[in-house]
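The next block is final.cif, given as mmCIF, C-alpha atoms and all ligand atoms.
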data_coords
#
loop_
_atom_site.label_atom_id
_atom_site.label_comp_id
_atom_site.auth_asym_id
_atom_site.auth_seq_id
_atom_site.Cartn_x
_atom_site.Cartn_y
_atom_site.Cartn_z
CA MET A 1 50.58 35.53 -88.72
CA THR A 2 53.67 36.65 -90.62
CA LEU A 3 56.93 36.80 -88.73
CA ASP A 4 59.16 39.79 -89.30
CA GLN A 5 62.82 39.76 -90.21
CA ASN A 6 63.89 39.30 -86.58
CA TRP A 7 62.81 35.68 -86.71
CA PHE A 8 64.63 32.70 -88.17
CA THR A 9 62.12 30.16 -89.51
CA GLU A 10 62.70 26.61 -90.72
CA ALA A 11 59.62 25.56 -92.64
CA CYS A 12 58.95 21.89 -93.34
CA GLU A 13 56.73 21.94 -96.44
CA GLU A 14 55.80 18.26 -96.42
CA CYS A 15 54.91 18.40 -92.71
CA GLY A 16 52.93 21.64 -93.05
CA SER A 17 54.72 23.06 -90.03
CA ALA A 18 57.50 25.49 -89.14
CA PHE A 19 59.69 26.37 -86.19
CA SER A 20 60.95 29.88 -85.45
CA LEU A 21 63.43 31.49 -83.09
CA LYS A 22 63.65 35.21 -82.40
CA ILE A 23 67.02 36.49 -83.52
CA LYS A 24 69.20 39.23 -82.04
CA ASN A 25 71.99 39.15 -84.64
CA LYS A 26 73.44 37.17 -87.49
CA LEU A 27 76.95 36.35 -86.27
CA HIS A 28 78.33 34.52 -89.29
CA GLU A 29 77.51 33.36 -92.81
CA GLU A 30 79.63 31.48 -95.34
CA GLN A 31 79.23 29.10 -98.25
CA SER A 32 81.63 26.22 -97.62
CA GLU A 33 82.53 23.65 -100.25
CA TYR A 34 79.55 21.56 -99.03
CA GLN A 35 76.88 23.81 -97.55
CA LYS A 36 75.79 27.26 -96.43
CA ILE A 37 76.73 27.74 -92.76
CA GLU A 38 74.90 30.39 -90.73
CA ILE A 39 75.23 31.28 -87.05
CA TYR A 40 72.70 33.47 -85.27
CA GLU A 41 72.50 34.88 -81.78
CA THR A 42 68.94 34.21 -80.61
CA GLU A 43 66.92 36.00 -77.94
CA THR A 44 66.38 32.93 -75.73
CA PHE A 45 68.19 29.84 -77.12
CA GLY A 46 71.78 31.14 -77.20
CA ASN A 47 73.62 30.66 -80.49
CA LEU A 48 71.96 28.82 -83.37
CA MET A 49 73.73 26.87 -86.14
CA VAL A 50 71.92 26.46 -89.46
CA LEU A 51 73.22 24.38 -92.41
CA ASP A 52 71.55 24.93 -95.80
CA GLY A 53 68.53 26.43 -94.02
CA PHE A 54 68.11 23.51 -91.56
CA VAL A 55 68.51 23.99 -87.82
CA MET A 56 71.44 21.93 -86.50
CA LEU A 57 71.67 22.99 -82.89
CA THR A 58 71.31 25.72 -80.33
CA SER A 59 73.37 26.37 -77.21
CA ARG A 60 70.28 25.89 -75.07
CA ASP A 61 68.94 22.49 -76.04
CA ASN A 62 71.73 20.55 -77.82
CA PHE A 63 72.40 18.57 -74.63
CA LEU A 64 69.30 16.45 -75.28
CA TYR A 65 70.48 15.23 -78.67
CA HIS A 66 74.16 14.89 -77.81
CA GLU A 67 73.56 12.97 -74.60
CA MET A 68 71.01 10.61 -76.16
CA MET A 69 73.22 9.93 -79.19
CA THR A 70 76.07 8.80 -76.96
CA HIS A 71 75.42 7.62 -73.40
CA PRO A 72 72.70 4.99 -74.05
CA ALA A 73 74.99 3.26 -76.56
CA LEU A 74 78.15 3.62 -74.47
CA PHE A 75 76.42 2.27 -71.34
CA THR A 76 74.88 -0.61 -73.32
CA LEU A 77 78.25 -1.88 -74.53
CA ALA A 78 80.35 -3.84 -72.04
CA ASP A 79 83.63 -1.96 -72.42
CA PRO A 80 83.73 0.42 -75.41
CA LYS A 81 87.24 1.58 -76.24
CA ARG A 82 87.32 2.64 -79.89
CA VAL A 83 84.51 4.94 -81.06
CA VAL A 84 83.92 6.54 -84.46
CA ILE A 85 81.59 9.51 -85.07
CA ILE A 86 80.46 10.04 -88.66
CA GLY A 87 79.49 13.70 -89.11
CA GLY A 88 79.15 15.47 -85.76
CA GLY A 89 81.23 18.45 -86.90
CA ASP A 90 79.98 20.65 -84.07
CA CYS A 91 81.99 18.38 -81.70
CA GLY A 92 79.21 18.02 -79.09
CA THR A 93 79.00 14.26 -79.61
CA LEU A 94 82.78 13.97 -79.33
CA ARG A 95 82.69 15.84 -76.02
CA GLU A 96 80.06 13.44 -74.59
CA VAL A 97 81.94 10.32 -75.79
CA LEU A 98 85.18 11.46 -74.19
CA LYS A 99 83.46 11.92 -70.83
CA HIS A 100 83.77 8.10 -70.62
CA PRO A 101 87.17 7.37 -69.07
CA GLY A 102 87.26 3.86 -70.62
CA VAL A 103 87.17 5.21 -74.19
CA GLU A 104 90.74 5.12 -75.50
CA GLU A 105 90.23 6.61 -78.94
CA CYS A 106 87.48 8.56 -80.69
CA TRP A 107 87.57 9.55 -84.36
CA GLN A 108 85.34 12.33 -85.67
CA VAL A 109 84.90 11.85 -89.44
CA GLU A 110 83.27 15.04 -90.73
CA ILE A 111 83.00 15.93 -94.39
CA ASP A 112 83.10 19.71 -93.84
CA GLU A 113 86.01 21.04 -91.80
CA ARG A 114 84.40 24.50 -91.79
CA VAL A 115 81.58 23.24 -89.52
CA THR A 116 84.18 22.31 -86.90
CA ARG A 117 86.13 25.57 -87.26
CA VAL A 118 82.94 27.65 -86.99
CA SER A 119 81.86 25.62 -83.93
CA GLU A 120 85.19 26.29 -82.25
CA GLN A 121 84.43 29.98 -82.64
CA PHE A 122 80.71 30.11 -81.79
CA PHE A 123 80.15 26.98 -79.65
CA PRO A 124 83.42 26.70 -77.67
CA GLU A 125 81.58 24.84 -74.90
CA LEU A 126 80.99 21.93 -77.31
CA CYS A 127 84.65 21.81 -78.32
CA THR A 128 86.21 21.38 -74.87
CA ALA A 129 87.36 17.82 -75.67
CA ASN A 130 88.98 18.69 -79.01
CA ASP A 131 92.43 18.84 -77.45
CA ASP A 132 91.97 15.56 -75.57
CA PRO A 133 94.77 13.22 -76.75
CA ARG A 134 92.11 10.55 -77.39
CA ALA A 135 90.33 12.80 -79.96
CA HIS A 136 91.23 12.32 -83.64
CA PHE A 137 89.86 14.25 -86.60
CA PHE A 138 89.48 13.22 -90.22
CA PHE A 139 87.86 15.65 -92.63
CA GLY A 140 86.34 13.71 -95.50
CA ASP A 141 83.37 11.60 -96.57
CA GLY A 142 82.22 9.17 -93.87
CA VAL A 143 80.82 6.74 -96.48
CA LYS A 144 84.25 6.33 -98.07
CA TRP A 145 86.10 6.33 -94.74
CA MET A 146 83.97 3.47 -93.45
CA GLN A 147 84.75 1.36 -96.54
CA GLU A 148 88.43 1.50 -95.61
CA GLN A 149 88.24 0.40 -91.96
CA GLU A 150 89.75 -2.88 -90.75
CA PRO A 151 87.10 -5.54 -90.00
CA GLY A 152 86.20 -5.69 -86.31
CA SER A 153 88.27 -2.62 -85.44
CA VAL A 154 85.53 -0.41 -83.91
CA ASP A 155 83.38 -0.87 -80.79
CA LEU A 156 80.82 1.81 -81.61
CA VAL A 157 79.92 3.83 -84.72
CA ILE A 158 77.81 6.93 -84.05
CA VAL A 159 76.22 8.50 -87.14
CA ASP A 160 75.56 12.14 -86.21
CA SER A 161 74.70 13.45 -89.63
CA THR A 162 72.48 15.94 -91.37
CA ASP A 163 69.17 14.80 -92.92
CA PRO A 164 69.35 12.13 -95.66
CA ILE A 165 69.92 14.54 -98.53
CA GLY A 166 73.11 15.67 -100.29
CA PRO A 167 76.33 14.20 -98.87
CA ALA A 168 74.46 12.54 -95.98
CA GLU A 169 72.22 10.45 -98.28
CA GLY A 170 74.69 7.58 -98.47
CA LEU A 171 74.80 7.40 -94.65
CA PHE A 172 71.20 6.12 -94.65
CA ALA A 173 71.76 3.38 -97.23
CA GLU A 174 72.36 -0.35 -96.89
CA PRO A 175 75.87 -0.40 -98.47
CA PHE A 176 77.04 2.01 -95.72
CA TYR A 177 75.40 -0.17 -93.05
CA ARG A 178 77.26 -3.19 -94.48
CA ASP A 179 80.57 -1.34 -94.16
CA CYS A 180 79.68 -0.35 -90.58
CA HIS A 181 78.75 -3.96 -89.77
CA ARG A 182 82.10 -5.18 -91.10
CA ALA A 183 84.05 -2.50 -89.17
CA VAL A 184 82.25 -3.12 -85.86
CA ARG A 185 83.59 -5.94 -83.68
CA GLY A 186 81.36 -8.70 -82.31
CA GLY A 187 79.70 -7.27 -79.21
CA GLY A 188 79.70 -3.77 -80.75
CA MET A 189 77.08 -1.46 -82.16
CA LEU A 190 75.99 1.23 -84.61
CA VAL A 191 73.80 4.13 -83.44
CA GLN A 192 72.36 6.68 -85.84
CA GLN A 193 70.22 9.78 -85.53
CA SER A 194 66.93 8.65 -87.08
CA GLU A 195 64.86 11.82 -87.43
CA SER A 196 61.36 12.44 -86.06
CA PRO A 197 59.27 9.46 -84.92
CA LEU A 198 56.17 11.52 -85.72
CA LEU A 199 57.12 12.77 -89.19
CA HIS A 200 59.55 10.20 -90.56
CA VAL A 201 58.15 6.73 -89.82
CA GLU A 202 58.79 5.55 -93.38
CA LEU A 203 62.45 6.58 -93.12
CA LEU A 204 62.69 4.84 -89.74
CA LYS A 205 61.30 1.64 -91.29
CA ARG A 206 63.81 1.85 -94.17
CA MET A 207 66.73 2.54 -91.81
CA ARG A 208 65.87 -0.31 -89.46
CA GLY A 209 65.28 -2.68 -92.42
CA GLY A 210 68.60 -1.62 -93.98
CA MET A 211 70.50 -2.22 -90.74
CA LEU A 212 69.02 -5.72 -90.35
CA ALA A 213 69.62 -6.52 -94.04
CA ALA A 214 73.26 -5.45 -93.58
CA GLY A 215 73.73 -8.12 -90.91
CA PHE A 216 72.99 -6.40 -87.60
CA ASP A 217 71.05 -8.80 -85.40
CA GLY A 218 68.72 -6.40 -83.60
CA VAL A 219 67.54 -2.77 -83.73
CA LYS A 220 66.05 -0.49 -81.12
CA THR A 221 64.83 3.09 -81.58
CA LEU A 222 65.02 5.44 -78.58
CA THR A 223 63.02 8.66 -78.62
CA PHE A 224 63.68 11.91 -76.83
CA PRO A 225 62.54 15.53 -76.90
CA GLN A 226 64.40 17.96 -79.15
CA PRO A 227 62.54 21.28 -79.24
CA VAL A 228 64.35 22.85 -82.21
CA TYR A 229 63.93 19.94 -84.67
CA PRO A 230 60.77 19.40 -86.75
CA SER A 231 57.93 18.13 -84.47
CA GLY A 232 60.11 18.63 -81.34
CA TRP A 233 60.46 14.84 -80.98
CA TRP A 234 63.56 13.04 -82.24
CA SER A 235 65.09 9.56 -82.26
CA ALA A 236 68.29 7.52 -82.28
CA THR A 237 68.34 3.97 -83.62
CA MET A 238 70.79 1.41 -82.23
CA ALA A 239 71.79 -1.67 -84.27
CA ALA A 240 73.47 -4.57 -82.47
CA LYS A 241 76.25 -6.85 -83.60
CA GLY A 242 76.05 -9.51 -80.91
CA CYS A 243 75.03 -7.27 -78.01
CA GLU A 244 71.80 -6.92 -76.04
CA LEU A 245 70.07 -3.58 -76.71
CA ASN A 246 67.38 -3.90 -74.03
CA ALA A 247 69.82 -4.01 -71.12
CA PHE A 248 72.47 -1.55 -69.98
CA ARG A 249 75.07 -1.12 -67.24
CA GLU A 250 72.66 0.52 -64.84
CA GLU A 251 75.03 0.52 -61.85
CA ALA A 252 77.71 2.19 -63.96
CA VAL A 253 75.23 4.88 -65.04
CA ARG A 254 74.31 5.57 -61.42
CA ALA A 255 78.03 5.85 -60.53
CA LYS A 256 79.09 7.77 -63.66
CA PRO A 257 82.04 10.03 -62.91
CA PHE A 258 80.72 12.95 -65.01
CA ASP A 259 77.75 15.27 -65.18
CA THR A 260 74.91 15.11 -67.67
CA VAL A 261 71.96 17.45 -68.00
CA TYR A 262 69.30 14.98 -69.23
CA TYR A 263 70.64 11.44 -69.32
CA ASN A 264 70.48 9.15 -66.29
CA ALA A 265 69.51 5.54 -65.59
CA ASP A 266 65.78 6.30 -65.35
CA ILE A 267 65.82 8.26 -68.63
CA HIS A 268 67.64 5.35 -70.28
CA ARG A 269 65.11 2.82 -69.00
CA GLY A 270 62.23 5.08 -70.05
CA ALA A 271 63.70 5.55 -73.53
CA LEU A 272 63.76 1.76 -74.01
CA ALA A 273 59.96 1.69 -73.68
CA GLN A 274 58.43 1.64 -77.16
CA PRO A 275 55.43 3.76 -78.16
CA GLU A 276 52.41 1.66 -79.12
CA PHE A 277 52.58 2.70 -82.79
CA PHE A 278 56.25 1.58 -82.99
CA LEU A 279 55.13 -1.90 -81.98
CA ARG A 280 52.44 -1.79 -84.68
CA GLU A 281 54.34 -0.06 -87.49
CA LEU A 282 58.02 -0.82 -86.90
CA GLY A 283 57.60 -4.38 -85.63
N1 LIG B 1 72.50 17.18 -84.83
C1 LIG B 1 72.39 17.53 -86.18
C2 LIG B 1 71.08 17.15 -86.82
O1 LIG B 1 70.58 16.02 -86.62
O2 LIG B 1 70.53 17.98 -87.52
C3 LIG B 1 73.57 17.07 -86.95
C4 LIG B 1 74.77 17.83 -86.49
S1 LIG B 1 76.26 17.69 -87.35
C5 LIG B 1 76.53 19.43 -87.60
C6 LIG B 1 75.92 17.00 -88.92
C7 LIG B 1 77.16 16.96 -89.80
O3 LIG B 1 77.12 15.86 -90.71
C8 LIG B 1 77.37 18.20 -90.69
O4 LIG B 1 78.41 18.97 -90.17
C9 LIG B 1 77.69 17.62 -92.08
O5 LIG B 1 78.72 18.30 -92.74
C10 LIG B 1 78.05 16.19 -91.73
N2 LIG B 1 77.95 15.23 -92.84
C11 LIG B 1 76.96 15.14 -93.76
N3 LIG B 1 77.23 14.15 -94.63
C12 LIG B 1 78.43 13.60 -94.27
C13 LIG B 1 79.24 12.56 -94.78
N4 LIG B 1 78.89 11.85 -95.87
N5 LIG B 1 80.40 12.25 -94.13
C14 LIG B 1 80.77 12.94 -93.02
N6 LIG B 1 80.05 13.97 -92.50
C15 LIG B 1 78.89 14.29 -93.11
#

Let me see the structure of the file written as structure tokens.
Amino acid sequence: MTLDQNWFTEACEECGSAFSLKIKNKLHEEQSEYQKIEIYETETFGNLMVLDGFVMLTSRDNFLYHEMMTHPALFTLADPKRVVIIGGGDCGTLREVLKHPGVEECWQVEIDERVTRVSEQFFPELCTANDDPRAHFFFGDGVKWMQEQEPGSVDLVIVDSTDPIGPAEGLFAEPFYRDCHRAVRGGGMLVQQSESPLLHVELLKRMRGGMLAAGFDGVKTLTFPQPVYPSGWWSATMAAKGCELNAFREEAVRAKPFDTVYYNADIHRGALAQPEFFLRELG
């Protein structure tokens, strides 16, 4: 079947699959210094952001990714106060982090300021924490920024980046993990979006190996549904620096003073369970 021009399609050649959304309108298109940014109004998924032809998020299902990139890590750590997001220009991860009243400071380090400005216009619901006095913005390369951080100055690094190509490539490499390990305090953590558990097992192996080689003492990959990403199944990998990844502050989750759409204590416990092939292939 051929789709007509009213459909946006992201084809994944090496996976032999594609995902499409029916489009009402193209709302915006620009070539920034770093990438082509497109925003569409879809028939059923709200607004859609596309960077260089790759789906980043939709209004309808971004809560899955943003909640699973933040709350499992924040409820695993004992008392996270200083959080850094690398990438995350749409500001959805920032919004989830700042739902935690104990977080005193959150930096969003995004290479492309235009992604944030376009999000403010087309995804205002993701940008509601941008004026929070605890929110800080730096527009520049996260690889370089991380090299310059004081040792032990960060409780949690969240890498919310594009796929490992172009400017994001260095965010999946061991030298970056070493810089993160140095910047994270003892008892802290790194968590990174780690692509599809179905399609990208080799990348997952490399990422987990790189994190351990950089000095992190344990890794754990959580999986969750994400309908608009290739295969519809996505993952986040946590790397520990002296913290326990298999336990979390369950009572605090049950008493959390904010709403979530997907995340709760049962979801967190379920996400810690490892698929059989992870045990075989990831070790
Ligand atoms: N949830 C999305 C996904 O997994 O497809 C990612 C969302 S967020 C829009 C990704 C951001 O990472 C982009 O805005 C991109 O500009 C940013 N990025 C890529 N490489 C970067 C780097 N080296 N430093 C900082 N930000 C970077």

Q. Please, which residues have at least one atom within 6 Å of an atom of ligand LIG 1 (chain B), using only C-alpha atoms and all ligand atoms, listed as a count of residues only?
A. 19

Q | Contacts of Ser235 in chain A at 6 Å (all atoms listed in the file; same-chain gap of 5+ positions) as a PyMOL selection string | A | chain A and resi 194-195+222-223

If we count only C-alpha atoms, what is near Ala273 in chain A at a cut-off of 10 Å, once residues fewer than 3 positions away on the same chain are taken out, given as a PDB file with C-alpha atoms, keeping the file's coordinate frame?
ATOM      1  CA  LYS A 220      66.050  -0.490 -81.120  1.00  0.00           C
ATOM      2  CA  THR A 221      64.830   3.090 -81.580  1.00  0.00           C
ATOM      3  CA  LEU A 222      65.020   5.440 -78.580  1.00  0.00           C
ATOM      4  CA  THR A 223      63.020   8.660 -78.620  1.00  0.00           C
ATOM      5  CA  ASN A 246      67.380  -3.900 -74.030  1.00  0.00           C
ATOM      6  CA  HIS A 268      67.640   5.350 -70.280  1.00  0.00           C
ATOM      7  CA  ARG A 269      65.110   2.820 -69.000  1.00  0.00           C
ATOM      8  CA  GLY A 270      62.230   5.080 -70.050  1.00  0.00           C
ATOM      9  CA  GLU A 276      52.410   1.660 -79.120  1.00  0.00           C
TER      10      GLU A 276
END

Q) Got a sec: who's within 8 Å of Ala240 in chain A, counting only C-alpha atoms, leaving out chain neighbours fewer than 2 positions off, as a list in words? A)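 Returned residues: Gly187, Gly188, Met189, Leu190, Phe216, Asp217, Gly218, Val219, Met238, Gly242, Cys243, Glu244 and Leu245 of chain A.
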
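Proximity of A:Gly166, A:Gly186, A:Gly92, A:Pro124 to Gly152 in chain A, computed with all atoms listed in the file, is greatest for A:Gly186.
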
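Atom pair CA of Gln192 in chain A / CA of Val159 in chain A: separated by 4.5 Å.
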
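Residues surrounding Glu13 in chain A within 12 Å are Ala18, Phe19, Leu199 and Pro230 of chain A [only C-alpha atoms; sequence separation below 5 positions excluded].
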
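From CA of Glu33 in chain A back to CA of Glu113 in chain A, the distance works out to 9.5 Å.
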
Q: State, in Å with one decimal place, the distance from CA of Val201 in chain A to CA of Ala265 in chain A.
A: 26.8 Å

Report, as AutoDock Vina command-line options, the centre and edge lengths in Å (one decimal) of the axis-aligned box enclosing every listed atom of range 238-253 of chain A, padded by 8 Å on each side.
--center_x 72.5 --center_y -2.3 --center_z -73.1 --size_x 26.3 --size_y 30.4 --size_z 38.4

Q: Give the answer as one residue: which of A:Ala239, A:Cys127, A:Val157, A:Leu21 has the shortest atom-to-atom distance to Ala214 in chain A, using only C-alpha atoms?
A: A:Ala239

Q.
Measuring between all atoms listed in the file, which one of A:Trp234, A:Phe278, A:Phe176, A:Trp107 shows the shortest distance to Gly215 in chain A?
A. A:Phe176

Q: Tell me which protein, DNA and RNA residues are within 10 Å of Val261 in chain A, counting only C-alpha atoms, leaving out same-chain ones fewer than 5 positions away, and put them as a ChimeraX atom specification.
A: /A:61,63-64,67

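Each of A:Thr70, A:Ala173, A:Lys99, A:Leu77 was checked against Val191 in chain A using only C-alpha atoms; the smallest atom-to-atom distance is that of A:Thr70.
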